[in-house]
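Right, one structure below, let's go through it.
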Amino acid sequence: MRRLLMVFTLSIGFLSPSLPAAHAEVVTFPCTGGTYSVEMPASSITKDNGCSGNLIIDSSVKGIGDRAFQFSKITSVSIPSSVTNIGADAFSFSALNSVVIPNSVTSMGASAFSSSQITSAVISNALTTISYSAFGFTKNLTSVIIPVGVQTIGGSAFWFSGLSSVTIPNTVTTIESNAFTSTKLTKVDIPDSVKTIGYFAFDSNPSLTSITYCGARGDLPTAPTCPPDRKAILDAANKVAADKAAADKVVADAKAAADKVIADAKAAADRAAVQAVQDAKKLTIICKKGSTTKKVTGESPVCPSGYTNSQAKFLTFQAFSKCKLYKKDSSIAGIALLDNGMTLKFSYAGKYSSFMASAASYQDVACTLSVMKAPSFVTSQIDTTRALDGLQKASWGKVTSFWTYHPDNGLNISFNTL
């Protein structure tokens with residue numbers, strides 16, 4: 001049983017009962033030529049203190065921290081299955097020449113083994129990503145098998161390495177930029193599972209003359225070849241996908257058409273309901289006889305004998321009554337009789353009349369102009385008004401009219417009569 005050297009990093013304040021235990025305990029383990037430090041309770045290696053040669057990491061260690069063995073003189077390492085993560089630059093620039101990353105490791109930081117002396121590496125099959133520059137500049141690494149389970153080969157993962165062969169599993173879907181730039185690869189088989197190939201992923205490889213790949217070309221330095229058997233499988237899969245997409249589209253189009261029929265029917269029903277409400281509106285007049293008043297409501301209401309309607313003398317009221325504009329008495333895109341019958345106002349005439357039952361139409365304006373006996377020069381002026389003409393005015397008899405027009409807002413016009 002190896003003897004453990006335990007060193008505690010304590011401050012004077014740490015011993016005070018009034019202060020919390022803020023300083024982590026650091027334990028050192030022996031190695032050839034020195035020790036390595038492990039921070040507790042995380043059980044993560046933080047520092048190499050002169051280790052060299054073969055290193056056997058204690059089975060209690062759970063993580064290898066950032067830069068833990070950077071520039072270390074260790075030549076090989078035995079990583080226990082208790083380790084779940086390897087930090088950034090953990091073994092970069094070290095003398096390490098071989099490593100077996102156990103399947104317990106689920107994450108690996110950037111440049112973890114970059115610029116080391118590695119000649120062989122067995123990679124954990126629990127990794128889903130080979131991190132950025134994980135094995136970059138490893139000039140002695142000539143071959144690597146990427147395990148099944150890896151989905152992404154990160155940017156610059158193996159760039160400037162000595163790789164002459166690589167095995168990529170069909171779980172990989174993404175090869176990021178510069179992943180295999182400047183290696184000694186002579187051929188590469190990219191599985192059809194790969195859908196994304198980043199810029200320069202296989203660039204600057206003068207010996208790379210053969211690429212087998214049936215997917216979309218991506219950024220490849222030489223034209224890929226697709227074996228007939230793989231192409232047949234891919235074509236069949238694409239046909240199945242295309243047929244399914246076509247069938248799904250038929251179903252979606254049928255549903256959309258059915259939904260539109262239902263929506264149109266509902267819209268028509270809603271419009272009919274609103275129209276029915278509008279059509280049901282009746283005109284109410286106030287009839288007076290001395291100090292007595294009576295309200296009379298109907299389609300064409302008439303005051304009882306001896307009573308008079310004081311509004312009847314106004315052309316604005318006459319148009320409101322004869323053109324049945326009271327059925328569109330609305331403050332929004334409608335018609336309003338104001339000032340005790342002396343003012344008739346149209347809002348946004350023609351803008352919403354095609355789909356809003358209460359909206360004023362150009363036909364309503366035309367009827368009004370007819371009842372008010374507007375001369376032709378007025379109707380012509382209204383018909384030819386442009387947006388840039390601004391506010392327009394016309395007078396005839398006892399009527400004065402103001403209006404503006406804009407194609408986005410329709411016609412806004414008011415009539416005032418004495």
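Naming works like this for the structure tokens: A, B, ... for the chains as they're shown, residue 1 at the start of each chain, ligands 1 onward in shown order.
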Members of segment 94-272 of chain A assigned strand (DSSP E) by DSSP, as a list in words
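Those residues are Ser98, Val99, Val100, Ser107, Met108, Ser120, Ala121, Val122, Thr129, Ile130, Ser143, Val144, Ile145, Thr152, Ile153, Ser165, Val166, Thr167, Thr174, Ile175, Lys187, Val188, Asp189, Thr196, Ile197, Ser210, Ile211 and Thr212 of chain A.
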Residues as selected, N, CA and C atoms, written as a PDB file, in the first residue's frame, can you do that?
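Okay, part_22.pdb is ready:
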ATOM      1  N   SER A  98       1.504   8.077 -24.588  1.00  0.00           N
ATOM      2  CA  SER A  98       0.363   7.171 -24.776  1.00  0.00           C
ATOM      3  C   SER A  98      -0.669   7.429 -23.697  1.00  0.00           C
ATOM      4  N   VAL A  99      -1.927   7.209 -24.056  1.00  0.00           N
ATOM      5  CA  VAL A  99      -2.990   7.416 -23.090  1.00  0.00           C
ATOM      6  C   VAL A  99      -4.192   6.558 -23.465  1.00  0.00           C
ATOM      7  N   VAL A 100      -4.835   6.022 -22.428  1.00  0.00           N
ATOM      8  CA  VAL A 100      -6.118   5.355 -22.581  1.00  0.00           C
ATOM      9  C   VAL A 100      -7.109   6.168 -21.752  1.00  0.00           C
ATOM     10  N   SER A 107     -16.402  14.353 -20.436  1.00  0.00           N
ATOM     11  CA  SER A 107     -16.079  15.675 -20.984  1.00  0.00           C
ATOM     12  C   SER A 107     -14.571  15.884 -21.001  1.00  0.00           C
ATOM     13  N   MET A 108     -14.134  16.610 -22.029  1.00  0.00           N
ATOM     14  CA  MET A 108     -12.708  16.856 -22.199  1.00  0.00           C
ATOM     15  C   MET A 108     -12.536  18.300 -22.674  1.00  0.00           C
ATOM     16  N   SER A 120      -0.076   7.241 -29.368  1.00  0.00           N
ATOM     17  CA  SER A 120      -1.316   6.464 -29.443  1.00  0.00           C
ATOM     18  C   SER A 120      -2.284   6.956 -28.391  1.00  0.00           C
ATOM     19  N   ALA A 121      -3.580   6.890 -28.760  1.00  0.00           N
ATOM     20  CA  ALA A 121      -4.618   7.331 -27.825  1.00  0.00           C
ATOM     21  C   ALA A 121      -5.866   6.489 -28.029  1.00  0.00           C
ATOM     22  N   VAL A 122      -6.393   5.994 -26.914  1.00  0.00           N
ATOM     23  CA  VAL A 122      -7.692   5.318 -26.940  1.00  0.00           C
ATOM     24  C   VAL A 122      -8.680   6.283 -26.281  1.00  0.00           C
ATOM     25  N   THR A 129     -18.303  14.713 -27.903  1.00  0.00           N
ATOM     26  CA  THR A 129     -17.561  15.729 -28.656  1.00  0.00           C
ATOM     27  C   THR A 129     -16.067  15.578 -28.408  1.00  0.00           C
ATOM     28  N   ILE A 130     -15.302  15.561 -29.503  1.00  0.00           N
ATOM     29  CA  ILE A 130     -13.847  15.697 -29.380  1.00  0.00           C
ATOM     30  C   ILE A 130     -13.585  17.190 -29.349  1.00  0.00           C
ATOM     31  N   SER A 143      -2.308   7.452 -35.946  1.00  0.00           N
ATOM     32  CA  SER A 143      -3.624   6.886 -36.242  1.00  0.00           C
ATOM     33  C   SER A 143      -4.517   6.998 -35.015  1.00  0.00           C
ATOM     34  N   VAL A 144      -5.809   7.084 -35.264  1.00  0.00           N
ATOM     35  CA  VAL A 144      -6.753   7.184 -34.159  1.00  0.00           C
ATOM     36  C   VAL A 144      -8.087   6.598 -34.600  1.00  0.00           C
ATOM     37  N   ILE A 145      -8.741   5.925 -33.663  1.00  0.00           N
ATOM     38  CA  ILE A 145     -10.096   5.416 -33.887  1.00  0.00           C
ATOM     39  C   ILE A 145     -11.039   6.242 -33.024  1.00  0.00           C
ATOM     40  N   THR A 152     -19.661  14.973 -32.574  1.00  0.00           N
ATOM     41  CA  THR A 152     -19.002  16.156 -33.122  1.00  0.00           C
ATOM     42  C   THR A 152     -17.495  16.042 -32.968  1.00  0.00           C
ATOM     43  N   ILE A 153     -16.793  16.245 -34.084  1.00  0.00           N
ATOM     44  CA  ILE A 153     -15.333  16.361 -34.047  1.00  0.00           C
ATOM     45  C   ILE A 153     -15.054  17.853 -34.092  1.00  0.00           C
ATOM     46  N   SER A 165      -3.999   7.997 -40.696  1.00  0.00           N
ATOM     47  CA  SER A 165      -5.266   7.268 -40.845  1.00  0.00           C
ATOM     48  C   SER A 165      -6.184   7.621 -39.690  1.00  0.00           C
ATOM     49  N   VAL A 166      -7.485   7.629 -39.990  1.00  0.00           N
ATOM     50  CA  VAL A 166      -8.487   7.928 -38.979  1.00  0.00           C
ATOM     51  C   VAL A 166      -9.744   7.130 -39.298  1.00  0.00           C
ATOM     52  N   THR A 167     -10.386   6.635 -38.248  1.00  0.00           N
ATOM     53  CA  THR A 167     -11.659   5.930 -38.407  1.00  0.00           C
ATOM     54  C   THR A 167     -12.752   6.776 -37.780  1.00  0.00           C
ATOM     55  N   THR A 174     -21.180  16.021 -37.292  1.00  0.00           N
ATOM     56  CA  THR A 174     -20.541  17.312 -37.555  1.00  0.00           C
ATOM     57  C   THR A 174     -19.026  17.196 -37.446  1.00  0.00           C
ATOM     58  N   ILE A 175     -18.344  17.693 -38.479  1.00  0.00           N
ATOM     59  CA  ILE A 175     -16.883  17.838 -38.442  1.00  0.00           C
ATOM     60  C   ILE A 175     -16.612  19.327 -38.591  1.00  0.00           C
ATOM     61  N   LYS A 187      -6.075   9.014 -47.187  1.00  0.00           N
ATOM     62  CA  LYS A 187      -7.457   8.751 -47.566  1.00  0.00           C
ATOM     63  C   LYS A 187      -8.330   8.857 -46.337  1.00  0.00           C
ATOM     64  N   VAL A 188      -9.588   9.115 -46.564  1.00  0.00           N
ATOM     65  CA  VAL A 188     -10.512   9.238 -45.447  1.00  0.00           C
ATOM     66  C   VAL A 188     -11.893   8.797 -45.901  1.00  0.00           C
ATOM     67  N   ASP A 189     -12.565   8.087 -45.022  1.00  0.00           N
ATOM     68  CA  ASP A 189     -13.931   7.640 -45.286  1.00  0.00           C
ATOM     69  C   ASP A 189     -14.852   8.413 -44.343  1.00  0.00           C
ATOM     70  N   THR A 196     -22.655  18.094 -41.672  1.00  0.00           N
ATOM     71  CA  THR A 196     -21.988  19.399 -41.681  1.00  0.00           C
ATOM     72  C   THR A 196     -20.475  19.204 -41.663  1.00  0.00           C
ATOM     73  N   ILE A 197     -19.807  19.801 -42.636  1.00  0.00           N
ATOM     74  CA  ILE A 197     -18.341  19.785 -42.690  1.00  0.00           C
ATOM     75  C   ILE A 197     -17.883  21.243 -42.732  1.00  0.00           C
ATOM     76  N   SER A 210      -7.848  10.585 -51.642  1.00  0.00           N
ATOM     77  CA  SER A 210      -9.069   9.779 -51.725  1.00  0.00           C
ATOM     78  C   SER A 210      -9.999  10.104 -50.566  1.00  0.00           C
ATOM     79  N   ILE A 211     -11.185  10.577 -50.923  1.00  0.00           N
ATOM     80  CA  ILE A 211     -12.226  10.841 -49.931  1.00  0.00           C
ATOM     81  C   ILE A 211     -13.471  10.072 -50.335  1.00  0.00           C
ATOM     82  N   THR A 212     -13.936   9.226 -49.441  1.00  0.00           N
ATOM     83  CA  THR A 212     -15.173   8.487 -49.685  1.00  0.00           C
ATOM     84  C   THR A 212     -16.284   9.160 -48.900  1.00  0.00           C
TER      85      THR A 212
END
Secondary structure check, alpha helix (DSSP H) residues of segment 209-272 of chain A, as a PyMOL selection string
chain A and resi 228-272
Non-local contacts of Pro147 of chain A (10 Å; only C-alpha atoms; under 3 positions in same chain excluded) as a ChimeraX atom specification
/A:122-128,144,150-151,167-172
Now that the selection is made, can you save its residues with C-alpha atoms as a compact mmCIF listing (two decimals), in the first residue's frame?
# COMPACT_ATOMS: atom_id res chain seq x y z
CA VAL A 122 -7.69 5.32 -26.94
CA ILE A 123 -10.65 7.68 -26.59
CA SER A 124 -13.58 7.29 -24.20
CA ASN A 125 -16.77 6.10 -25.88
CA ALA A 126 -18.77 8.25 -23.45
CA LEU A 127 -17.61 11.43 -25.16
CA THR A 128 -20.04 13.05 -27.59
CA VAL A 144 -6.75 7.18 -34.16
CA VAL A 150 -19.01 10.73 -30.72
CA GLN A 151 -21.27 13.16 -32.60
CA THR A 167 -11.66 5.93 -38.41
CA ILE A 168 -14.83 8.02 -38.16
CA PRO A 169 -17.97 6.23 -36.88
CA ASN A 170 -21.44 6.75 -38.30
CA THR A 171 -22.57 8.49 -35.11
CA VAL A 172 -20.66 11.61 -36.15
Which residues are close to Thr384 of chain A, i.e. within 12 Å by only C-alpha atoms, leaving aside same-chain residues fewer than 3 positions away? Reply as a PyMOL selection string.
chain A and resi 377-381+387-389+392+403-406+411
Using C-alpha atoms, can you export the residues from the last selection as a PDB file, in the first residue's frame?
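Below is the file again33.pdb, written as the result:
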ATOM      1  CA  PHE A 377     -67.674  69.790 -60.408  1.00  0.00           C
ATOM      2  CA  VAL A 378     -67.756  68.707 -56.743  1.00  0.00           C
ATOM      3  CA  THR A 379     -68.192  65.000 -57.470  1.00  0.00           C
ATOM      4  CA  SER A 380     -65.437  65.244 -60.094  1.00  0.00           C
ATOM      5  CA  GLN A 381     -63.125  66.996 -57.639  1.00  0.00           C
ATOM      6  CA  ALA A 387     -53.116  61.973 -51.291  1.00  0.00           C
ATOM      7  CA  LEU A 388     -50.666  64.786 -52.019  1.00  0.00           C
ATOM      8  CA  ASP A 389     -53.532  67.263 -52.555  1.00  0.00           C
ATOM      9  CA  GLN A 392     -59.944  69.839 -49.960  1.00  0.00           C
ATOM     10  CA  TRP A 403     -62.296  65.868 -47.392  1.00  0.00           C
ATOM     11  CA  THR A 404     -58.941  64.135 -47.681  1.00  0.00           C
ATOM     12  CA  TYR A 405     -57.983  60.962 -49.493  1.00  0.00           C
ATOM     13  CA  HIS A 406     -55.153  58.451 -49.088  1.00  0.00           C
ATOM     14  CA  LEU A 411     -61.821  58.786 -48.063  1.00  0.00           C
TER      15      LEU A 411
END
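Remark: for Ala359 of chain A, the closest of the candidate residues A:Ser347, A:Ser37, A:Asn309, A:Thr28 is A:Ser347 (distances computed over only C-alpha atoms).
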Which residues, written as a PDB file with C-alpha atoms, in the first residue's frame, have at least one atom at most 8 Å from segment 281-294 of chain A, with only C-alpha atoms counted and residues fewer than 3 positions away on the same chain left out?
ATOM      1  CA  VAL A 277     -77.286  43.480 -36.636  1.00  0.00           C
ATOM      2  CA  GLN A 278     -76.520  46.373 -38.983  1.00  0.00           C
ATOM      3  CA  THR A 297     -88.249  54.682 -34.670  1.00  0.00           C
ATOM      4  CA  GLY A 298     -88.524  52.873 -37.982  1.00  0.00           C
ATOM      5  CA  GLU A 299     -87.073  52.384 -41.448  1.00  0.00           C
ATOM      6  CA  SER A 300     -88.654  55.661 -42.639  1.00  0.00           C
ATOM      7  CA  PRO A 301     -90.135  57.144 -39.485  1.00  0.00           C
ATOM      8  CA  CYS A 303     -93.726  62.323 -36.978  1.00  0.00           C
ATOM      9  CA  PRO A 304     -97.362  62.118 -35.844  1.00  0.00           C
ATOM     10  CA  GLY A 306     -99.072  68.120 -35.329  1.00  0.00           C
ATOM     11  CA  TYR A 307     -95.456  67.138 -34.516  1.00  0.00           C
ATOM     12  CA  THR A 308     -92.370  68.243 -36.449  1.00  0.00           C
ATOM     13  CA  ASN A 309     -88.864  66.865 -36.886  1.00  0.00           C
ATOM     14  CA  SER A 310     -86.486  69.787 -36.554  1.00  0.00           C
ATOM     15  CA  SER A 321     -82.309  58.947 -43.701  1.00  0.00           C
ATOM     16  CA  TYR A 326     -77.961  55.036 -39.864  1.00  0.00           C
ATOM     17  CA  LYS A 327     -77.342  51.343 -40.493  1.00  0.00           C
TER      18      LYS A 327
END
For atom CA of Leu141 of chain A and atom CA of Asn205 of chain A, the interatomic separation in Å (one decimal)
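That distance, rounded to one decimal, is 15.4 Å.
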Selected residue of minimal separation from Lys351 of chain A among A:Thr417, A:Lys322, A:Asn409, A:Lys328, counting only C-alpha atoms:
A:Asn409
If we count only C-alpha atoms, what is near Pro80 of chain A at a cut-off of 8 Å, once residues fewer than 5 positions away on the same chain are taken out, given as an mmCIF file with N, CA and C atoms, in the first residue's frame?
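See part.cif below for the written result:
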data_model
loop_
_atom_site.group_PDB
_atom_site.id
_atom_site.type_symbol
_atom_site.label_atom_id
_atom_site.label_comp_id
_atom_site.auth_asym_id
_atom_site.auth_seq_id
_atom_site.Cartn_x
_atom_site.Cartn_y
_atom_site.Cartn_z
ATOM 1 N N ILE A 57 -2.563 7.262 -11.641
ATOM 2 C CA ILE A 57 -3.391 8.178 -10.860
ATOM 3 C C ILE A 57 -4.225 7.381 -9.860
ATOM 4 N N ASP A 58 -4.293 7.890 -8.628
ATOM 5 C CA ASP A 58 -5.007 7.190 -7.558
ATOM 6 C C ASP A 58 -6.484 7.028 -7.905
ATOM 7 N N SER A 59 -7.075 5.908 -7.504
ATOM 8 C CA SER A 59 -8.462 5.571 -7.849
ATOM 9 C C SER A 59 -9.493 6.458 -7.162
ATOM 10 N N VAL A 61 -9.331 9.740 -7.368
ATOM 11 C CA VAL A 61 -9.399 10.977 -8.153
ATOM 12 C C VAL A 61 -10.606 10.939 -9.089
ATOM 13 N N PRO A 102 -10.443 6.422 -20.130
ATOM 14 C CA PRO A 102 -11.482 5.438 -19.773
ATOM 15 C C PRO A 102 -12.876 5.905 -20.170
#
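A straight line drawn from atom CA of Ala394 of chain A to atom CA of Phe314 of chain A is 17.5 Å long.
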Neighbours of segment 334-342 of chain A within 8 Å (only C-alpha atoms; same-chain residues fewer than 2 positions away dropped), as an mmCIF file with N, CA and C atoms, in the first residue's frame?
data_model
loop_
_atom_site.group_PDB
_atom_site.id
_atom_site.type_symbol
_atom_site.label_atom_id
_atom_site.label_comp_id
_atom_site.auth_asym_id
_atom_site.auth_seq_id
_atom_site.Cartn_x
_atom_site.Cartn_y
_atom_site.Cartn_z
ATOM 1 N N GLN A 311 -84.858 68.189 -37.474
ATOM 2 C CA GLN A 311 -83.675 67.840 -38.259
ATOM 3 C C GLN A 311 -83.994 67.649 -39.744
ATOM 4 N N PHE A 314 -82.461 69.702 -42.687
ATOM 5 C CA PHE A 314 -81.045 69.637 -43.051
ATOM 6 C C PHE A 314 -80.813 68.567 -44.117
ATOM 7 N N THR A 316 -78.121 67.112 -44.645
ATOM 8 C CA THR A 316 -77.307 66.056 -44.013
ATOM 9 C C THR A 316 -78.198 64.987 -43.394
ATOM 10 N N PHE A 317 -79.272 65.424 -42.711
ATOM 11 C CA PHE A 317 -80.204 64.466 -42.121
ATOM 12 C C PHE A 317 -80.960 63.715 -43.211
ATOM 13 N N PHE A 320 -78.805 61.079 -44.493
ATOM 14 C CA PHE A 320 -78.665 60.055 -43.449
ATOM 15 C C PHE A 320 -79.871 59.129 -43.450
ATOM 16 N N LEU A 325 -78.077 55.572 -43.980
ATOM 17 C CA LEU A 325 -76.723 55.605 -43.424
ATOM 18 C C LEU A 325 -76.718 55.277 -41.928
ATOM 19 N N TYR A 326 -77.887 55.381 -41.285
ATOM 20 C CA TYR A 326 -77.961 55.036 -39.864
ATOM 21 C C TYR A 326 -77.633 53.566 -39.610
ATOM 22 N N LYS A 328 -75.111 52.254 -40.690
ATOM 23 C CA LYS A 328 -73.645 52.232 -40.593
ATOM 24 C C LYS A 328 -73.148 53.310 -39.639
ATOM 25 N N ASP A 329 -73.993 53.614 -38.670
ATOM 26 C CA ASP A 329 -73.631 54.611 -37.669
ATOM 27 C C ASP A 329 -72.565 54.011 -36.763
ATOM 28 N N SER A 330 -71.294 54.339 -37.031
ATOM 29 C CA SER A 330 -70.177 53.746 -36.288
ATOM 30 C C SER A 330 -69.029 54.729 -36.235
ATOM 31 N N SER A 331 -68.283 54.688 -35.118
ATOM 32 C CA SER A 331 -67.131 55.590 -34.972
ATOM 33 C C SER A 331 -65.891 55.050 -35.663
ATOM 34 N N ILE A 332 -65.926 53.752 -36.036
ATOM 35 C CA ILE A 332 -64.775 53.133 -36.696
ATOM 36 C C ILE A 332 -65.143 52.828 -38.142
ATOM 37 N N LEU A 344 -72.628 65.603 -41.146
ATOM 38 C CA LEU A 344 -72.581 64.185 -41.511
ATOM 39 C C LEU A 344 -71.129 63.839 -41.822
ATOM 40 N N LYS A 345 -70.596 62.838 -41.089
ATOM 41 C CA LYS A 345 -69.169 62.542 -41.185
ATOM 42 C C LYS A 345 -68.941 61.095 -41.626
ATOM 43 N N PHE A 346 -68.077 60.929 -42.647
ATOM 44 C CA PHE A 346 -67.656 59.602 -43.121
ATOM 45 C C PHE A 346 -66.200 59.364 -42.700
ATOM 46 N N SER A 347 -65.929 58.203 -42.079
ATOM 47 C CA SER A 347 -64.557 57.855 -41.685
ATOM 48 C C SER A 347 -64.069 56.673 -42.510
ATOM 49 N N TYR A 348 -62.931 56.835 -43.161
ATOM 50 C CA TYR A 348 -62.257 55.761 -43.921
ATOM 51 C C TYR A 348 -63.190 55.100 -44.933
ATOM 52 N N ALA A 349 -63.971 55.880 -45.615
ATOM 53 C CA ALA A 349 -64.901 55.330 -46.603
ATOM 54 C C ALA A 349 -64.138 54.564 -47.682
ATOM 55 N N SER A 358 -70.181 47.364 -41.005
ATOM 56 C CA SER A 358 -70.521 48.720 -40.591
ATOM 57 C C SER A 358 -69.678 49.786 -41.289
ATOM 58 N N ALA A 359 -68.766 49.382 -42.168
ATOM 59 C CA ALA A 359 -67.872 50.349 -42.793
ATOM 60 C C ALA A 359 -68.578 51.126 -43.896
ATOM 61 N N ALA A 360 -68.187 52.379 -44.023
ATOM 62 C CA ALA A 360 -68.750 53.231 -45.074
ATOM 63 C C ALA A 360 -68.153 52.860 -46.423
ATOM 64 N N ASN A 416 -71.385 69.755 -43.914
ATOM 65 C CA ASN A 416 -72.014 70.647 -42.939
ATOM 66 C C ASN A 416 -73.080 71.445 -43.682
ATOM 67 N N THR A 417 -74.234 71.525 -43.077
ATOM 68 C CA THR A 417 -75.338 72.259 -43.720
ATOM 69 C C THR A 417 -76.030 73.173 -42.729
ATOM 70 N N LEU A 418 -76.637 74.215 -43.275
ATOM 71 C CA LEU A 418 -77.343 75.186 -42.436
ATOM 72 C C LEU A 418 -78.842 74.920 -42.500
#
So, with only C-alpha atoms as the atoms that count, which of A:Gly162, A:Gly53, A:Pro375, A:Gly149 lies closest to Thr106 of chain A?
A:Gly149
